[in-house]
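Source file: model-v2.pdb (PDB, C-alpha atoms)
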ATOM      1  CA  MET V 975      23.483   9.190  -8.041
ATOM      2  CA  PRO V 976      26.348  11.650  -7.338
ATOM      3  CA  VAL V 977      27.900  11.723  -3.898
ATOM      4  CA  SER V 978      28.044  15.045  -2.032
ATOM      5  CA  CYS V 979      31.245  16.369  -0.490
ATOM      6  CA  ARG V 980      29.828  15.690   2.976
ATOM      7  CA  GLU V 981      29.068  12.062   2.111
ATOM      8  CA  ALA V 982      32.486  11.572   0.522
ATOM      9  CA  LEU V 983      34.178  12.899   3.656
ATOM     10  CA  LEU V 984      32.140  10.622   5.927
ATOM     11  CA  MET V 985      32.942   7.586   3.816
ATOM     12  CA  LEU V 986      36.626   8.471   3.778
ATOM     13  CA  LEU V 987      36.616   8.743   7.575
ATOM     14  CA  ALA V 988      34.901   5.380   7.813
ATOM     15  CA  SER V 989      37.495   3.741   5.550
ATOM     16  CA  LEU V 990      40.255   5.173   7.744
ATOM     17  CA  GLY V 991      38.667   3.758  10.884
ATOM     18  CA  GLY V 992      37.352   7.069  12.177
ATOM     19  CA  GLN V 993      34.063   7.260  14.034
ATOM     20  CA  VAL V 994      31.190   8.266  11.794
ATOM     21  CA  TRP V 995      27.906   9.457  13.255
ATOM     22  CA  GLY V 996      24.683   9.735  11.387
ATOM     23  CA  GLU V 997      23.389   6.558   9.758
ATOM     24  CA  VAL V 998      20.940   6.033  12.628
ATOM     25  CA  GLY V 999      20.196   8.991  14.852
ATOM     26  CA  ASP V1000      21.279  11.863  12.610
ATOM     27  CA  PHE V1001      20.308  13.059   9.125
ATOM     28  CA  THR V1002      23.586  14.959   8.645
ATOM     29  CA  PRO V1003      25.144  12.539   6.119
ATOM     30  CA  CYS V1004      22.013  12.448   3.952
ATOM     31  CA  LEU V1005      20.583  15.966   4.055
ATOM     32  CA  ARG V1006      20.813  16.198   0.271
ATOM     33  CA  PHE V1007      17.647  14.116  -0.001
ATOM     34  CA  PHE V1008      15.675  17.015   1.514
ATOM     35  CA  TYR V1009      14.858  20.234  -0.336
ATOM     36  CA  MET V1010      17.356  22.918   0.758
ATOM     37  CA  GLU V1011      18.844  20.239   3.046
ATOM     38  CA  THR V1012      15.953  20.845   5.459
ATOM     39  CA  PRO V1013      14.032  17.856   6.892
ATOM     40  CA  PRO V1014      10.293  18.282   7.532
ATOM     41  CA  LYS V1015       9.558  20.422  10.581
ATOM     42  CA  GLY V1016       7.200  19.262  13.290
ATOM     43  CA  MET V1017       7.517  15.573  12.508
ATOM     44  CA  GLY V1018       9.304  13.211  14.833
ATOM     45  CA  GLY V1019      10.438  14.055  18.323
ATOM     46  CA  GLU V1020      11.164  11.721  21.205
ATOM     47  CA  GLY V1021      11.292   8.073  20.221
ATOM     48  CA  TYR V1022      11.940   8.719  16.532
ATOM     49  CA  GLN V1023      15.267   7.843  14.925
ATOM     50  CA  PRO V1024      16.564   9.353  11.671
ATOM     51  CA  ILE V1025      18.076   6.757   9.357
ATOM     52  CA  CYS V1026      20.402   7.528   6.457
ATOM     53  CA  GLN V1027      19.638   4.500   4.309
ATOM     54  CA  ARG V1028      22.990   3.102   3.196
ATOM     55  CA  TYR V1029      23.482   0.300   0.685
ATOM     56  CA  ARG V1030      26.775  -0.770  -0.869
ATOM     57  CA  ASN V1031      28.627   2.102   0.761
ATOM     58  CA  GLN V1032      26.321   4.769  -0.666
ATOM     59  CA  TYR V1033      23.481   6.775   0.850
ATOM     60  CA  HIS V1034      20.291   6.371  -1.152
ATOM     61  CA  PHE V1035      17.529   8.079   0.856
ATOM     62  CA  ALA V1036      16.465   9.026   4.385
ATOM     63  CA  SER V1037      13.784   7.666   6.725
ATOM     64  CA  LEU V1038      12.364   8.660  10.093
ATOM     65  CA  TYR V1039      11.681   5.574  12.182
ATOM     66  CA  GLN V1040      10.013   4.827  15.519
ATOM     67  CA  ARG V1041      11.323   1.747  17.278
ATOM     68  CA  GLN V1042       8.427   1.395  19.738
ATOM     69  CA  ARG V1043       5.919   1.091  16.904
ATOM     70  CA  ARG V1044       8.331  -0.686  14.557
ATOM     71  CA  ALA V1045       7.130   1.742  11.938
ATOM     72  CA  THR V1046       8.489   4.441   9.660
ATOM     73  CA  LEU V1047       6.892   7.879   9.750
ATOM     74  CA  TYR V1048       8.288   8.910   6.357
ATOM     75  CA  SER V1049      10.979   8.353   3.747
ATOM     76  CA  ALA V1050      12.542  11.241   1.802
ATOM     77  CA  TYR V1051      14.273  10.826  -1.539
ATOM     78  CA  ILE V1052      15.103  12.380  -4.898
ATOM     79  CA  LEU V1053      12.948  11.036  -7.707
ATOM     80  CA  THR V1054      14.903  10.058 -10.828
ATOM     81  CA  PRO V1055      12.417   8.693 -13.364
ATOM     82  CA  GLY V1056      13.696   6.156 -15.823
ATOM     83  CA  GLY V1057      13.191   2.710 -17.272
ATOM     84  CA  GLY V1058      14.159  -0.681 -15.976
ATOM     85  CA  LYS V1059      12.581  -3.653 -14.271
ATOM     86  CA  ARG V1060      11.632  -3.932 -10.632
ATOM     87  CA  PRO V1061      14.515  -5.632  -8.811
ATOM     88  CA  ARG V1062      14.116  -9.118  -7.437
ATOM     89  CA  ASN V1063      12.749  -8.863  -3.911
ATOM     90  CA  LYS V1064      15.715  -9.160  -1.566
ATOM     91  CA  TRP V1065      14.461  -7.737   1.693
ATOM     92  CA  MET V1066      16.845  -6.141   4.163
ATOM     93  CA  TYR V1067      16.923  -4.789   7.703
ATOM     94  CA  GLU V1068      18.812  -2.048   9.585
ATOM     95  CA  PRO V1069      21.546  -3.541  11.852
ATOM     96  CA  GLN V1070      22.125  -0.304  13.755
ATOM     97  CA  LEU V1071      18.612  -0.389  15.145
ATOM     98  CA  ALA V1072      19.427  -3.757  16.695
ATOM     99  CA  PHE V1073      23.074  -3.542  17.740
ATOM    100  CA  SER V1074      25.084  -0.669  19.165
ATOM    101  CA  GLY V1075      28.053   0.091  16.917
ATOM    102  CA  ALA V1076      26.809  -2.197  14.129
ATOM    103  CA  SER V1077      27.598  -1.652  10.473
ATOM    104  CA  PRO V1078      25.680   1.225   8.864
ATOM    105  CA  GLU V1079      24.961  -0.967   5.823
ATOM    106  CA  MET V1080      21.500  -2.488   5.515
ATOM    107  CA  HIS V1081      21.750  -6.295   5.622
ATOM    108  CA  SER V1082      19.717  -9.000   3.899
ATOM    109  CA  PHE V1083      17.534 -11.187   6.073
ATOM    110  CA  PRO V1084      18.940 -14.737   6.430
ATOM    111  CA  ARG V1085      17.626 -17.104   3.787
ATOM    112  CA  ARG V1086      17.416 -19.912   6.325
ATOM    113  CA  GLY V1087      17.307 -20.031  10.070
ATOM    114  CA  PRO V1088      15.987 -17.608  12.673
ATOM    115  CA  VAL V1089      16.415 -13.845  12.695
ATOM    116  CA  ASP V1090      18.462 -12.510  15.597
ATOM    117  CA  GLN V1091      16.194 -11.584  18.508
ATOM    118  CA  ASN V1092      17.705  -8.105  18.735
ATOM    119  CA  VAL V1093      16.569  -7.481  15.143
ATOM    120  CA  VAL V1094      13.102  -8.845  15.897
ATOM    121  CA  GLU V1095      12.708  -6.570  18.910
ATOM    122  CA  SER V1096      13.925  -3.416  17.171
ATOM    123  CA  GLN V1097      12.083  -3.501  13.837
ATOM    124  CA  ALA V1098       9.581  -5.253  11.605
ATOM    125  CA  VAL V1099      10.710  -8.575  10.131
ATOM    126  CA  LEU V1100       9.423 -10.691   7.265
ATOM    127  CA  GLN V1101       7.584 -13.024   9.638
ATOM    128  CA  ASP V1102       5.294 -10.152  10.658
ATOM    129  CA  TYR V1103       3.805 -10.050   7.162
ATOM    130  CA  ILE V1104       3.262 -13.807   6.793
ATOM    131  CA  ASN V1105      -0.434 -14.745   7.039
ATOM    132  CA  SER V1106      -1.337 -11.091   7.574
ATOM    133  CA  SER V1107      -3.847  -9.151   5.506
ATOM    134  CA  TYR V1108      -1.182  -6.595   4.528
ATOM    135  CA  THR V1109       1.440  -6.213   1.825
ATOM    136  CA  LYS V1110       4.790  -4.460   2.141
ATOM    137  CA  GLY V1111       3.967  -0.928   1.039
ATOM    138  CA  HIS V1112       6.990   1.060  -0.129
ATOM    139  CA  LEU V1113       7.224   4.667   1.011
ATOM    140  CA  ASN V1114      10.123   5.260  -1.369
ATOM    141  CA  PRO V1115       9.102   3.071  -4.347
ATOM    142  CA  SER V1116      11.715   1.418  -6.547
ATOM    143  CA  LEU V1117       9.982   2.666  -9.713
ATOM    144  CA  HIS V1118      10.863   6.250  -8.736
ATOM    145  CA  HIS V1119      14.537   5.548  -9.415
ATOM    146  CA  GLN V1120      16.656   5.037 -12.491
ATOM    147  CA  ASN V1121      19.835   3.710 -10.886
ATOM    148  CA  PRO V1122      19.623  -0.074 -10.182
ATOM    149  CA  GLU V1123      21.260   0.285  -6.777
ATOM    150  CA  ASP V1124      18.859   3.088  -5.796
ATOM    151  CA  ARG V1125      16.068   0.678  -6.668
ATOM    152  CA  ARG V1126      17.513  -2.217  -4.704
ATOM    153  CA  ALA V1127      18.069   0.010  -1.668
ATOM    154  CA  THR V1128      14.322   0.588  -1.349
ATOM    155  CA  PHE V1129      13.814  -3.048  -0.323
ATOM    156  CA  THR V1130      14.433  -2.529   3.373
ATOM    157  CA  LEU V1131      11.642  -3.056   5.863
ATOM    158  CA  THR V1132      12.457   0.340   7.375
ATOM    159  CA  ASN V1133      11.100   1.787   4.104
ATOM    160  CA  VAL V1134       7.767  -0.049   4.094
ATOM    161  CA  VAL V1135       4.547  -0.029   6.094
ATOM    162  CA  PRO V1136       1.645  -2.498   6.255
ATOM    163  CA  GLN V1137      -0.511  -1.571   3.270
ATOM    164  CA  ARG V1138      -3.636  -3.230   1.969
ATOM    165  CA  ALA V1139      -3.118  -4.948  -1.375
ATOM    166  CA  ALA V1140      -6.042  -3.088  -2.978
ATOM    167  CA  SER V1141      -4.305   0.210  -2.182
ATOM    168  CA  ASN V1142      -0.747  -0.927  -2.901
ATOM    169  CA  SER V1143      -1.510  -2.304  -6.354
ATOM    170  CA  GLY V1144      -4.477  -0.035  -7.077
ATOM    171  CA  PRO V1145      -5.062   3.701  -6.549
ATOM    172  CA  TRP V1146      -1.779   4.268  -4.685
ATOM    173  CA  ALA V1147       0.219   2.553  -7.436
ATOM    174  CA  GLN V1148      -1.569   4.773  -9.962
ATOM    175  CA  LEU V1149      -0.515   7.843  -7.986
ATOM    176  CA  GLU V1150       3.137   6.705  -7.940
ATOM    177  CA  ALA V1151       3.100   6.175 -11.711
ATOM    178  CA  GLU V1152       1.399   9.535 -12.251
ATOM    179  CA  VAL V1153       4.012  11.391 -10.199
ATOM    180  CA  ARG V1154       6.871   9.607 -11.959
ATOM    181  CA  ALA V1155       5.475  10.580 -15.379
ATOM    182  CA  ARG V1156       4.842  14.193 -14.356
ATOM    183  CA  MET V1157       8.333  14.643 -12.940
ATOM    184  CA  GLY V1158       9.869  12.970 -15.975
ATOM    185  CA  ASN V1159       8.011  15.211 -18.399
ATOM    186  CA  TYR V1160       8.157  18.590 -16.697
ATOM    187  CA  CYS V1161      10.565  18.710 -13.753
ATOM    188  CA  ILE V1162      14.090  19.909 -14.568
ATOM    189  CA  GLY V1163      16.679  18.946 -11.999
ATOM    190  CA  PRO V1164      15.993  17.315  -8.620
ATOM    191  CA  ALA V1165      12.464  16.403  -7.609
ATOM    192  CA  TYR V1166      12.254  16.030  -3.825
ATOM    193  CA  VAL V1167       9.655  13.622  -2.442
ATOM    194  CA  VAL V1168       8.533  12.877   1.113
ATOM    195  CA  THR V1169       6.129   9.967   1.557
ATOM    196  CA  GLY V1170       4.771   8.748   4.853
ATOM    197  CA  ALA V1171       2.116   6.964   6.849
ATOM    198  CA  LEU V1172      -0.550   8.346   9.175
ATOM    199  CA  SER V1173      -1.609   6.187  12.114
ATOM    200  CA  TYR V1174      -5.081   5.541  13.455
ATOM    201  CA  LEU V1175      -6.183   7.714  16.351
ATOM    202  CA  SER V1176      -6.471   4.460  18.289
ATOM    203  CA  GLU V1177      -3.416   2.435  17.326
ATOM    204  CA  ARG V1178      -3.888  -0.765  15.332
ATOM    205  CA  TRP V1179      -1.297  -3.472  14.926
ATOM    206  CA  MET V1180      -0.110  -6.178  12.563
ATOM    207  CA  ALA V1181       1.066  -9.336  14.312
ATOM    208  CA  ASN V1182       0.579  -7.434  17.593
ATOM    209  CA  ARG V1183       3.905  -5.718  16.891
ATOM    210  CA  VAL V1184       3.877  -3.382  13.909
ATOM    211  CA  ALA V1185       1.761  -0.220  13.769
ATOM    212  CA  VAL V1186      -0.679  -0.119  10.844
ATOM    213  CA  PRO V1187      -1.398   3.209   9.108
ATOM    214  CA  GLU V1188      -4.909   4.418   8.385
ATOM    215  CA  TYR V1189      -3.671   6.622   5.546
ATOM    216  CA  MET V1190      -0.683   6.984   3.237
ATOM    217  CA  TRP V1191       0.459  10.468   2.240
ATOM    218  CA  SER V1192       2.989  11.889  -0.196
ATOM    219  CA  ALA V1193       4.249  15.312  -1.299
ATOM    220  CA  TYR V1194       6.790  16.488  -3.837
ATOM    221  CA  CYS V1195       8.772  19.663  -4.493
ATOM    222  CA  CYS V1196      10.098  20.396  -7.990
ATOM    223  CA  PRO V1197      12.227  23.543  -7.661
ATOM    224  CA  SER V1198      12.818  23.983 -11.407
ATOM    225  CA  TYR V1199      10.287  23.045 -14.029
ATOM    226  CA  ASN V1200       9.464  23.566 -17.688
ATOM    227  CA  SER V1201       8.134  27.039 -18.451
ATOM    228  CA  SER V1202       5.840  25.711 -21.177
ATOM    229  CA  LEU V1203       3.646  23.689 -18.840
ATOM    230  CA  PRO V1204       0.258  22.788 -20.292
ATOM    231  CA  ALA V1205      -2.566  24.553 -18.483
ATOM    232  CA  SER V1206      -3.698  21.205 -17.069
ATOM    233  CA  GLN V1207      -0.347  20.756 -15.313
ATOM    234  CA  ARG V1208       0.154  24.229 -13.834
ATOM    235  CA  PRO V1209      -1.653  23.505 -10.531
ATOM    236  CA  TYR V1210       0.829  20.693  -9.872
ATOM    237  CA  PHE V1211       3.972  22.865  -9.737
ATOM    238  CA  PRO V1212       6.199  23.546  -7.960
ATOM    239  CA  SER V1213       4.610  21.278  -5.347
ATOM    240  CA  TYR V1214       1.641  19.011  -4.851
ATOM    241  CA  ALA V1215       0.514  16.235  -2.530
ATOM    242  CA  ALA V1216      -1.919  13.393  -1.958
ATOM    243  CA  VAL V1217      -3.453  11.273   0.800
ATOM    244  CA  GLY V1218      -4.626   7.707   0.236
ATOM    245  CA  ARG V1219      -6.925   5.479   2.261
ATOM    246  CA  ASN V1220      -5.533   2.251   3.734
ATOM    247  CA  ASP V1221      -8.832   1.177   5.293
ATOM    248  CA  PRO V1222     -12.100   0.979   3.344
ATOM    249  CA  LEU V1223     -14.067   1.390   6.578
ATOM    250  CA  SER V1224     -12.478   4.678   7.644
ATOM    251  CA  GLY V1225     -14.627   7.805   7.594
ATOM    252  CA  GLY V1226     -14.712  10.091   4.592
ATOM    253  CA  GLU V1227     -13.597  13.304   6.273
ATOM    254  CA  ILE V1228      -9.992  13.182   5.024
ATOM    255  CA  VAL V1229     -10.459  11.159   1.837
ATOM    256  CA  PRO V1230     -14.016  10.621   0.566
ATOM    257  CA  VAL V1231     -15.011   7.284  -0.951
ATOM    258  CA  ASP V1232     -16.031   7.179  -4.590
ATOM    259  CA  PRO V1233     -19.150   4.973  -4.676
ATOM    260  CA  GLN V1234     -18.650   4.463  -8.425
ATOM    261  CA  ALA V1235     -15.178   2.922  -8.015
ATOM    262  CA  LYS V1236     -14.655  -0.731  -8.906
ATOM    263  CA  ALA V1237     -15.531  -3.044  -6.054
ATOM    264  CA  SER V1238     -11.959  -4.368  -5.911
ATOM    265  CA  VAL V1239     -10.559  -0.933  -4.992
ATOM    266  CA  ARG V1240     -13.582   0.798  -3.465
ATOM    267  CA  GLY V1241     -12.631   2.485  -0.224
ATOM    268  CA  TYR V1242      -8.948   2.856  -1.164
ATOM    269  CA  ASP V1243      -9.338   6.234  -2.831
ATOM    270  CA  VAL V1244      -6.488   8.722  -3.219
ATOM    271  CA  ARG V1245      -7.210  12.428  -2.859
ATOM    272  CA  ARG V1246      -4.869  14.831  -4.688
ATOM    273  CA  MET V1247      -4.370  18.193  -2.988
ATOM    274  CA  PRO V1248      -2.091  21.242  -2.639
ATOM    275  CA  LEU V1249       0.885  21.008  -0.306
ATOM    276  CA  ASP V1250      -0.658  23.206   2.393
ATOM    277  CA  THR V1251      -3.742  20.978   2.530
ATOM    278  CA  VAL V1252      -1.790  17.813   3.342
ATOM    279  CA  GLU V1253       0.209  19.769   5.916
ATOM    280  CA  THR V1254      -3.042  20.855   7.558
ATOM    281  CA  ILE V1255      -4.280  17.253   7.644
ATOM    282  CA  LEU V1256      -1.034  16.088   9.241
ATOM    283  CA  GLN V1257      -1.118  18.990  11.680
ATOM    284  CA  GLN V1258      -4.664  18.196  12.782
ATOM    285  CA  ARG V1259      -3.855  14.515  13.306
ATOM    286  CA  LEU V1260      -0.424  14.978  14.942
ATOM    287  CA  GLY V1261      -1.235  18.114  16.911
ATOM    288  CA  VAL V1262       1.844  20.116  15.842
ATOM    289  CA  HIS V1263       2.694  22.605  13.107
ATOM    290  CA  ILE V1264       3.990  20.769  10.023
ATOM    291  CA  SER V1265       6.210  22.075   7.224
ATOM    292  CA  LEU V1266       7.273  19.412   4.739
ATOM    293  CA  PHE V1267       9.488  21.598   2.522
ATOM    294  CA  HIS V1268      11.582  24.659   3.227
ATOM    295  CA  ASN V1269       9.549  27.820   2.518
ATOM    296  CA  GLN V1270       6.718  25.698   1.102
ATOM    297  CA  CYS V1271       8.918  24.938  -1.935
ATOM    298  CA  LEU V1272       8.198  28.497  -3.077
ATOM    299  CA  TRP V1273      11.823  29.478  -3.587
ATOM    300  CA  ALA V1274      11.701  27.746  -6.920
ATOM    301  CA  GLY V1275      12.462  28.750 -10.446
ATOM    302  CA  VAL V1276      10.890  28.146 -13.830
ATOM    303  CA  VAL V1277      13.424  26.920 -16.362
ATOM    304  CA  VAL V1278      12.970  26.873 -20.115
ATOM    305  CA  ARG V1279      13.913  23.513 -21.533
TER     306      ARG V1279
END
As structure tokens:
Amino acid sequence: MPVSCREALLMLLASLGGQVWGEVGDFTPCLRFFYMETPPKGMGGEGYQPICQRYRNQYHFASLYQRQRRATLYSAYILTPGGGKRPRNKWMYEPQLAFSGASPEMHSFPRRGPVDQNVVESQAVLQDYINSSYTKGHLNPSLHHQNPEDRRATFTLTNVVPQRAASNSGPWAQLEAEVRARMGNYCIGPAYVVTGALSYLSERWMANRVAVPEYMWSAYCCPSYNSSLPASQRPYFPSYAAVGRNDPLSGGEIVPVDPQAKASVRGYDVRRMPLDTVETILQQRLGVHISLFHNQCLWAGVVVR
């Protein structure tokens, strides 16, 4: 993925020993992962920390993280559909959440021995997921990237949330594949995606440490798309969104349950919806005005392929 002038300057300063701000606490080095370099409005606030996700001296995406809940509110990235296999799981953590002045590079968890207590206190660790009823649910999924290093960079626990297996490998996985195919077929140029988690009204926890989401949500903005869209695809451009259930026992107000769904995935439905609908849902749950993309992704252009 090409490096912006801003990123190149920050990396040059780092190599020269200069102080570089922004990997944790500031989105400035990684604004290019947001449409019009504008992060979502209304999300975050006190207690949330922006993370520019850096792997092998490159920025790959951005996440908004809350230390107290050891949970990520959302990850933002540019979708680059392509082939390739899922990388071998090599899970990483964010040193800067644990240590002041630490390296901005995400680090692999130790293969043997204990994890540093500062890491344990600041973020989710692999032990939290052991013997739990949750899988590691990617917000920025590896399959939405063509570059191998972009794919590997998604395997940080600051990019995942506790997600039920029936959702992660079922309806939510189908949504991810659907979006990848749609962007690959019709989107011309960058496709901006923001995917996040929505907590319970009364917080629930995994391992008494990590906040568990009641819903997953995702929205994309494709500024330039094929002018010869089939009629069936026109409602999905330039933006669209979805909310998925992460609890089969939750009420049906936000995402109804399909009683005809297979028993193995019943209660993990995904509801597709326009961008303004998911923003309204987030606004009602979070109690603040939400804008996921600059100008609702309406400053977009149709391009003839």
Kindly assemble as a Markdown table a list of the stretch 1036-1090 of chain V residues that lie within 12 Å of stretch 1246-1269 of chain V, each paired with its nearest atom pair and their distance in Å to one decimal, using all atoms listed in the file, sorted first by chain and then by ascending residue number.
| residue | atom | partner | partner_atom | distance |
| --- | --- | --- | --- | --- |
| V:Leu1047 | CA | V:Leu1256 | CA | 11.4 |
| V:Tyr1048 | CA | V:Leu1266 | CA | 10.7 |
| V:Ser1049 | CA | V:Leu1266 | CA | 11.7 |
| V:Ala1050 | CA | V:Leu1266 | CA | 10.2 |
With a cut-off of 7 Å, could you pull out the residues of stretch 1026-1054 of chain V touching stretch 1097-1118 of chain V and give me the nearest pair of atoms for each, distance in Å to one decimal, using all atoms listed in the file, ordered by chain and ascending number, as a tab-separated table?
residue	atom	partner	partner_atom	distance
V:Arg1041	CA	V:Gln1097	CA	6.3
V:Arg1044	CA	V:Gln1097	CA	4.7
V:Tyr1048	CA	V:Leu1113	CA	6.9
V:Ser1049	CA	V:Leu1113	CA	5.9
V:Tyr1051	CA	V:Asn1114	CA	6.9
V:Leu1053	CA	V:His1118	CA	5.3
V:Thr1054	CA	V:His1118	CA	5.9
**Prompt:** Can you list, as a count of residues only, every protein, DNA or RNA residue that comes within 12 Å of V:Ala1147 when you count all atoms listed in the file, leaving out same-chain residues fewer than 2 positions away?
**Reply:** 29
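One distance worth recording is that between atom CA of V:Asn1063 and atom CA of V:Gln1091, which is 22.8 Å.
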**Asked** Of the candidates V:Gly1170, V:Leu1038, V:Ser1198, V:Gln1032, which one gets nearest to V:Pro1013 if we count all atoms listed in the file?
**Response** V:Leu1038
**Asked** Written as a ChimeraX atom specification, what is the full residue list that the PyMOL selection byres ((chain V and resi 1001) around 7) yields on the file shown?
**Response** /V:996,1000,1002-1005,1024-1026
